[in-house]
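Input: a single structure, listed below in structure tokens.
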Amino acid sequence: MNCKISHFMKDLNSLNTEHLEKWFTDESTIWIPPSKEISGKSRILALFRAIFRRYEKIEWRVSEIFPLGNNKYFYQTHSVGNMFGKGIYQNEICTIVQFSQCGKILYLSDYFKDTEAFN
């Protein structure tokens with residue numbers, strides 16, 4: 001597994017935004033539906049805090065990583081957890097991520113197989 005992605009996913013699975021701070025800068029952009037695309041470290045961390053609050057627990061497991069060149073990767077993830085008030089949550093996610101030369105996330109975009117849970 002790509003080292004940057006595995007370290008990022010470990011920090012993501014901690015559900016602690018303090019662990020995620022090191023991955024983003026004010027130039028970072030992410031798009032995690034159903035939210036709109038957002039930019040900037042503080043806004044990105046606020047989005048992750050909001051996402052984490054929706055779940056009693058959640059975990060992401062990367063199954064495959066495909067290098068695309070230029071520090072860009074496409075990877076598949078299975079997420080499983082328990083949403084407050086909605087019960088068990090499972091989804092398949094495809095993510096495109098691009099890292100800077102120094103290992104920060106420049107761009108991250110998720111694509112979900114099942115969007116019903118967000119309605």
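In the structure tokens, each chain is lettered A, B, ... as it comes, each chain's residues begin at 1, and ligands are numbered from 1 in order of appearance.
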
| query | What residues in stretch 14-95 of chain A get the DSSP label helix (DSSP H, G or I)? Please answer as JSON, numbers by chain. | reply | {"A": [17, 18, 19, 20, 21, 22, 23, 41, 42, 43, 44, 45, 46, 47, 48, 49, 50, 51, 52, 53]}

| request: If you run DSSP over the backbone, which residues in stretch 17-87 of chain A end up strand (DSSP E)? Put them as a ChimeraX atom specification. | output: /A:29-31,38-39,55-69,72-83,87

| message | My list of candidates is A:Leu47, A:Gln76, A:Glu18, A:Phe99. Which is closest to A:Ser63 when distances are computed with only C-alpha atoms? | response |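 Of A:Leu47, A:Gln76, A:Glu18, A:Phe99, the one nearest A:Ser63 is A:Gln76, counting only C-alpha atoms.
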
| request: Show which residues sit within 12 Å of A:Arg53, as number ranges by chain. Count only C-alpha atoms, and ignore same-chain residues fewer than 4 positions away. | output: A: 15-17, 46-49, 57-58, 82-85

Quick one: contact table of stretch 15-63 of chain A to stretch 102-117 of chain A, 7 Å max, nearest atom pair and distance in Å to one decimal per residue, counting only C-alpha atoms, chain and number order, as JSON lines?
```
{"residue": "A:Trp23", "atom": "CA", "partner": "A:Lys104", "partner_atom": "CA", "distance": 4.8}
{"residue": "A:Phe24", "atom": "CA", "partner": "A:Ile105", "partner_atom": "CA", "distance": 5.6}
{"residue": "A:Glu27", "atom": "CA", "partner": "A:Leu106", "partner_atom": "CA", "distance": 6.7}
{"residue": "A:Ser28", "atom": "CA", "partner": "A:Leu106", "partner_atom": "CA", "distance": 4.5}
{"residue": "A:Thr29", "atom": "CA", "partner": "A:Tyr107", "partner_atom": "CA", "distance": 4.9}
{"residue": "A:Ile30", "atom": "CA", "partner": "A:Leu108", "partner_atom": "CA", "distance": 4.6}
{"residue": "A:Trp31", "atom": "CA", "partner": "A:Ser109", "partner_atom": "CA", "distance": 4.6}
{"residue": "A:Ile32", "atom": "CA", "partner": "A:Asp110", "partner_atom": "CA", "distance": 5.3}
```

| said: If we count only C-alpha atoms and set the cut-off at 10 Å, which residues sit around A:Met9, ignoring sequence neighbours fewer than 3 positions away in its own chain? Please answer as a PyMOL selection string. | reply: chain A and resi 3-6+12-14+20+59-62+77

Go ahead and dump the residues you just picked, N, CA, C and O atoms, as a compact mmCIF listing (two decimals), in the first residue's frame.
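Writing the result to out.txt gives the following:
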```txt
# COMPACT_ATOMS: atom_id res chain seq x y z
N CYS A 3 2.55 4.43 1.05
CA CYS A 3 2.84 4.87 2.42
C CYS A 3 2.04 6.11 2.81
O CYS A 3 1.49 6.17 3.91
N LYS A 4 1.96 7.10 1.92
CA LYS A 4 1.22 8.33 2.25
C LYS A 4 -0.25 8.03 2.49
O LYS A 4 -0.85 8.53 3.44
N ILE A 5 -0.83 7.20 1.62
CA ILE A 5 -2.25 6.88 1.76
C ILE A 5 -2.49 6.08 3.04
O ILE A 5 -3.44 6.37 3.78
N SER A 6 -1.63 5.12 3.34
CA SER A 6 -1.85 4.33 4.55
C SER A 6 -1.71 5.19 5.81
O SER A 6 -2.48 5.03 6.76
N LEU A 12 -7.12 9.29 9.54
CA LEU A 12 -8.56 9.43 9.33
C LEU A 12 -9.33 8.50 10.27
O LEU A 12 -10.30 8.90 10.90
N ASN A 13 -8.87 7.25 10.39
CA ASN A 13 -9.54 6.27 11.24
C ASN A 13 -9.41 6.60 12.73
O ASN A 13 -10.16 6.06 13.54
N SER A 14 -8.52 7.51 13.09
CA SER A 14 -8.43 7.93 14.49
C SER A 14 -9.64 8.77 14.89
O SER A 14 -9.92 8.94 16.07
N LEU A 20 -5.38 14.94 11.62
CA LEU A 20 -5.55 15.27 10.19
C LEU A 20 -4.92 16.61 9.81
O LEU A 20 -4.67 16.86 8.63
N GLU A 59 -15.14 3.20 10.28
CA GLU A 59 -13.79 2.81 9.90
C GLU A 59 -13.73 2.66 8.39
O GLU A 59 -14.68 2.20 7.76
N TRP A 60 -12.60 3.09 7.84
CA TRP A 60 -12.36 2.96 6.41
C TRP A 60 -11.23 1.98 6.19
O TRP A 60 -10.20 2.06 6.85
N ARG A 61 -11.43 1.04 5.23
CA ARG A 61 -10.39 0.06 4.90
C ARG A 61 -10.09 0.15 3.41
O ARG A 61 -10.98 -0.07 2.58
N VAL A 62 -8.85 0.47 3.09
CA VAL A 62 -8.43 0.58 1.69
C VAL A 62 -8.21 -0.82 1.13
O VAL A 62 -7.53 -1.64 1.74
N THR A 77 -12.04 2.08 -1.18
CA THR A 77 -12.19 1.93 0.26
C THR A 77 -13.56 1.34 0.58
O THR A 77 -14.55 1.67 -0.06
```

| Atomic separation - atom CA of A:Asn2 relative to atom CA of A:Asn70, Å | 13.8 Å

| message | Measuring between only C-alpha atoms, which one of A:Glu21, A:Asp26, A:Asp11, A:Glu92 shows the shortest distance to A:Glu64? | response |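 Of all the options, A:Glu92 lies closest to A:Glu64.
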
| field | Nearest to A:Tyr55, chosen from A:Thr25, A:Ser79, A:Ser35, A:Thr95, with only C-alpha atoms counted in the distances | value | A:Ser79
